[in-house]
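Student: Provided below: upload.txt, containing compact mmCIF, C-alpha atoms.
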# COMPACT_ATOMS: atom_id res chain seq x y z
CA MET A 1 -41.25 -145.34 21.34
CA TYR A 2 -37.68 -146.63 21.74
CA GLN A 3 -35.26 -146.40 18.82
CA LYS A 4 -31.95 -146.99 20.59
CA VAL A 5 -31.74 -149.18 23.70
CA LEU A 6 -28.66 -149.67 25.88
CA LEU A 7 -28.39 -153.21 27.24
CA TYR A 8 -25.97 -153.64 30.13
CA VAL A 9 -24.35 -157.08 29.98
CA ASP A 10 -22.49 -159.02 32.67
CA ASP A 11 -22.24 -162.61 33.96
CA ARG A 12 -25.32 -162.66 36.17
CA PRO A 13 -28.20 -164.95 35.12
CA GLU A 14 -30.48 -161.91 35.12
CA SER A 15 -28.32 -160.41 32.39
CA ALA A 16 -29.25 -163.25 30.03
CA LYS A 17 -32.93 -162.60 30.79
CA ALA A 18 -32.38 -158.90 30.11
CA ALA A 19 -30.75 -159.71 26.76
CA ALA A 20 -33.77 -161.79 25.72
CA GLU A 21 -36.10 -158.99 26.79
CA ALA A 22 -34.01 -156.42 24.91
CA LEU A 23 -34.36 -158.50 21.74
CA ARG A 24 -38.11 -158.71 22.21
CA LEU A 25 -38.35 -154.97 22.80
CA ALA A 26 -36.15 -154.19 19.80
CA ARG A 27 -38.27 -156.38 17.50
CA THR A 28 -41.46 -154.75 18.77
CA CYS A 29 -40.16 -151.18 18.41
CA ASP A 30 -37.81 -151.72 15.46
CA ALA A 31 -35.02 -150.44 17.70
CA ARG A 32 -31.24 -150.88 17.68
CA ILE A 33 -29.62 -152.48 20.72
CA PHE A 34 -26.33 -151.17 22.06
CA ALA A 35 -25.00 -154.07 24.16
CA ALA A 36 -22.34 -152.87 26.60
CA TRP A 37 -20.04 -154.65 29.04
CA VAL A 38 -18.04 -152.49 31.46
CA LEU A 39 -14.81 -153.93 32.85
CA PRO A 40 -13.54 -152.49 36.15
CA GLN A 41 -10.63 -150.08 35.91
CA THR A 42 -7.27 -151.31 37.20
CA ASP A 43 -3.78 -149.87 36.88
CA THR A 44 -2.28 -153.03 35.43
CA PRO A 45 -3.92 -155.62 33.22
CA VAL A 46 -4.52 -158.91 35.01
CA PRO A 47 -5.88 -162.23 33.80
CA ILE A 48 -9.44 -163.25 34.64
CA ARG A 49 -9.81 -164.62 38.14
CA PRO A 50 -12.96 -165.89 39.76
CA ARG A 51 -14.08 -163.60 42.57
CA ARG A 52 -16.20 -165.10 45.30
CA ARG A 53 -19.53 -163.32 45.18
CA ALA A 54 -22.49 -165.61 44.79
CA GLY A 55 -20.44 -167.74 42.42
CA ILE A 56 -20.19 -164.97 39.81
CA ARG A 57 -17.07 -164.65 37.69
CA LYS A 58 -16.15 -160.99 37.28
CA PRO A 59 -13.94 -160.34 34.24
CA GLU A 60 -11.12 -157.91 34.76
CA PRO A 61 -9.16 -155.87 32.24
CA GLY A 62 -6.52 -157.81 30.38
CA SER A 63 -6.72 -160.20 27.51
CA ALA A 64 -8.59 -163.01 29.32
CA GLY A 65 -11.18 -160.67 30.84
CA GLU A 66 -11.71 -158.88 27.57
CA GLU A 67 -12.00 -162.16 25.67
CA HIS A 68 -14.62 -163.39 28.12
CA ALA A 69 -16.63 -160.17 27.79
CA TRP A 70 -16.40 -160.21 23.99
CA SER A 71 -17.46 -163.87 23.94
CA ARG A 72 -20.66 -163.04 25.83
CA LEU A 73 -21.31 -159.98 23.65
CA TYR A 74 -20.88 -162.08 20.49
CA GLU A 75 -23.44 -164.60 21.80
CA ILE A 76 -25.95 -161.77 22.15
CA GLU A 77 -25.02 -160.51 18.69
CA ASP A 78 -25.70 -163.97 17.22
CA ASP A 79 -29.13 -164.01 18.88
CA ALA A 80 -29.85 -160.53 17.52
CA PHE A 81 -28.94 -161.57 13.99
CA GLU A 82 -31.20 -164.63 14.26
CA HIS A 83 -34.08 -162.32 15.19
CA ASN A 84 -33.20 -159.67 12.59
CA VAL A 85 -32.41 -157.07 15.27
CA ARG A 86 -29.79 -154.39 14.69
CA ILE A 87 -27.07 -154.42 17.34
CA SER A 88 -23.84 -152.63 18.23
CA LEU A 89 -21.36 -154.11 20.71
CA LEU A 90 -19.45 -151.96 23.19
CA LEU A 91 -16.70 -152.91 25.64
CA GLU A 92 -15.75 -150.18 28.10
CA THR A 93 -13.36 -149.94 31.03
CA GLY A 94 -13.97 -147.83 34.12
CA ASP A 95 -16.73 -146.98 36.56
CA ARG A 96 -19.89 -148.85 35.52
CA ASP A 97 -22.39 -146.09 36.24
CA GLU A 98 -20.27 -143.32 34.72
CA LYS A 99 -19.62 -145.34 31.56
CA LEU A 100 -23.31 -146.21 31.11
CA LEU A 101 -24.33 -142.56 31.57
CA ALA A 102 -21.66 -141.46 29.09
CA LEU A 103 -22.90 -144.02 26.54
CA ILE A 104 -26.48 -142.81 26.98
CA ASP A 105 -25.32 -139.28 26.29
CA SER A 106 -22.91 -139.92 23.43
CA TYR A 107 -25.20 -142.28 21.49
CA GLN A 108 -28.38 -140.36 22.41
CA LEU A 109 -30.03 -143.53 23.68
CA ASP A 110 -33.71 -143.79 24.63
CA ALA A 111 -33.62 -146.43 27.39
CA LEU A 112 -31.33 -148.52 29.58
CA LEU A 113 -32.21 -152.16 30.13
CA LEU A 114 -30.41 -154.29 32.71
CA GLY A 115 -30.85 -157.55 34.56
CA THR A 116 -30.75 -157.53 38.33
CA ARG A 117 -32.31 -159.24 41.34
CA SER A 118 -33.21 -155.88 42.87
CA ALA A 119 -32.67 -152.16 42.43
CA ALA A 120 -30.08 -152.26 45.23
CA GLY A 121 -26.77 -151.01 43.93
CA TRP A 122 -28.41 -149.24 41.01
CA GLU A 123 -30.08 -146.38 42.90
CA LYS A 124 -27.57 -143.67 41.89
CA LEU A 125 -27.64 -144.69 38.24
CA ILE A 126 -31.44 -144.81 38.17
CA GLU A 127 -31.61 -141.40 39.83
CA ARG A 128 -29.07 -139.82 37.46
CA SER A 129 -30.25 -141.46 34.25
CA PRO A 130 -31.85 -139.07 31.74
CA VAL A 131 -33.68 -142.00 30.13
CA THR A 132 -36.06 -144.75 31.20
CA VAL A 133 -34.32 -147.54 33.15
CA ILE A 134 -35.91 -150.97 32.75
CA LEU A 135 -34.95 -153.58 35.36
CA ILE A 136 -35.39 -157.25 34.41
CA ARG A 137 -35.45 -159.82 37.23
Starting from the file, lay out its structure as structure tokens.
Tutor:
Amino acid sequence: MYQKVLLYVDDRPESAKAAAEALRLARTCDARIFAAWVLPQTDTPVPIRPRRRAGIRKPEPGSAGEEHAWSRLYEIEDDAFEHNVRISLLLETGDRDEKLLALIDSYQLDALLLGTRSAAGWEKLIERSPVTVILIR
């Protein structure tokens, strides 16, 4: 079924649910998880600043934003190790959809799993994705 699953990670609560589901799926299918966080592209590195959008902190490029993203990725890695699931961590910078599509292509992934309240904002990625996209609410 699935051998290599891309898990998109961010700060939304649905992302934590998606990570738990990715672990379950990986155990069931004996798959490897590729957990990826995509930081937005900026011309100059800036420290992490809270952005007002439903109370979500959006990490930005720069040491604080990268540290925050790595911290979350390491938490998922710890959970994967506890459940004997193989995992690779990826931190990218740039356009979210373009980076996820590039990762799917370069790692020859079988599925993309992400947490979201709705498909809104993901339509283009879902339409362009060459693999199954699994939305976790």
Student: Report as a Markdown table: every residue of range 74-120 of chain A with an atom at most 10 Å from range 22-35 of chain A, its closest pair of atoms, and their distance in Å to one decimal, counting all atoms listed in the file, with rows sorted by chain and ascending residue number.
Tutor:
| residue | atom | partner | partner_atom | distance |
| --- | --- | --- | --- | --- |
| A:Tyr74 | CA | A:Ala35 | CA | 9.7 |
| A:Ile76 | CA | A:Ala35 | CA | 8.0 |
| A:Glu77 | CA | A:Ala35 | CA | 8.4 |
| A:Asp79 | CA | A:Leu23 | CA | 8.1 |
| A:Ala80 | CA | A:Leu23 | CA | 6.5 |
| A:Phe81 | CA | A:Leu23 | CA | 9.9 |
| A:His83 | CA | A:Leu23 | CA | 7.6 |
| A:Asn84 | CA | A:Arg27 | CA | 7.8 |
| A:Val85 | CA | A:Arg27 | CA | 6.3 |
| A:Arg86 | CA | A:Arg32 | CA | 4.8 |
| A:Ile87 | CA | A:Ile33 | CA | 4.7 |
| A:Ser88 | CA | A:Phe34 | CA | 4.8 |
| A:Leu89 | CA | A:Ala35 | CA | 5.0 |
| A:Leu90 | CA | A:Ala35 | CA | 6.0 |
| A:Leu91 | CA | A:Ala35 | CA | 8.5 |
| A:Leu103 | CA | A:Phe34 | CA | 9.1 |
| A:Ile104 | CA | A:Phe34 | CA | 9.7 |
| A:Tyr107 | CA | A:Phe34 | CA | 9.0 |
| A:Leu109 | CA | A:Phe34 | CA | 8.6 |
| A:Asp110 | CA | A:Ala31 | CA | 9.7 |
| A:Ala111 | CA | A:Ile33 | CA | 9.9 |
| A:Leu112 | CA | A:Phe34 | CA | 9.4 |
| A:Leu113 | CA | A:Ala22 | CA | 7.0 |
| A:Leu114 | CA | A:Ala22 | CA | 8.9 |
Student: Using only C-alpha atoms, which residues sit within 10 Å of Ile126 in chain A once same-chain residues fewer than 5 positions away are excluded, as a PDB file with C-alpha atoms, keeping the file's coordinate frame?
Tutor:
ATOM      1  CA  ASP A  97     -22.390-146.090  36.240  1.00  0.00           C
ATOM      2  CA  LEU A 101     -24.330-142.560  31.570  1.00  0.00           C
ATOM      3  CA  LEU A 112     -31.330-148.520  29.580  1.00  0.00           C
ATOM      4  CA  ALA A 119     -32.670-152.160  42.430  1.00  0.00           C
ATOM      5  CA  GLY A 121     -26.770-151.010  43.930  1.00  0.00           C
ATOM      6  CA  VAL A 131     -33.680-142.000  30.130  1.00  0.00           C
ATOM      7  CA  THR A 132     -36.060-144.750  31.200  1.00  0.00           C
ATOM      8  CA  VAL A 133     -34.320-147.540  33.150  1.00  0.00           C
ATOM      9  CA  ILE A 134     -35.910-150.970  32.750  1.00  0.00           C
ATOM     10  CA  LEU A 135     -34.950-153.580  35.360  1.00  0.00           C
TER      11      LEU A 135
END
Student: Return the padded bounding box of range 77-94 of chain A as JSON: axis-aligned, built from all atoms listed in the file, 3 Å added on each side, with centre and edge lengths in Å to one decimal.
Tutor:
{"center_x": -23.7, "center_y": -156.2, "center_z": 23.4, "size_x": 26.7, "size_y": 22.8, "size_z": 27.5}
Student: For each of A:Lys4, A:Ser106, A:Leu100, A:Glu75, take the minimum atom-to-atom distance to Ala20 in chain A, counting all atoms listed in the file, then give the residue where this is smallest.
Tutor: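 Residue with the minimum atom-to-atom distance to Ala20 in chain A: A:Glu75.
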Student: How far is it from CA of Glu127 in chain A to CA of Glu92 in chain A, in Å with one decimal?
Tutor: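 These atoms are spaced 21.6 Å apart.
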Student: Using all atoms listed in the file, which of A:Ser129, A:Arg137, A:Pro13, A:Ala64 sits nearest Lys99 in chain A?
Tutor: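 For Lys99 in chain A, the nearest of the given residues is A:Ser129.
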Student: What does the distance from CA of Met1 in chain A to CA of Thr116 in chain A come to in Å, to one decimal?
Tutor: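 A separation of 23.4 Å between them.
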Student: Could you give me, as a list in words, the residues within 10 Å of range 9-11 of chain A, counting all atoms listed in the file and dropping anything in the same chain fewer than 6 positions from it?
Tutor: Ala18, Ala19, Ala35, Ala36, Trp37, Val38, Leu39, Ile56, Arg57, Lys58, Pro59, His68, Ala69, Arg72, Leu73, Ile76, Leu90, Leu91, Leu113, Leu114 and Gly115 of chain A
Student: In Å, how far is it from CA of Asp78 in chain A to CA of Ser63 in chain A?
Tutor: 21.9 Å
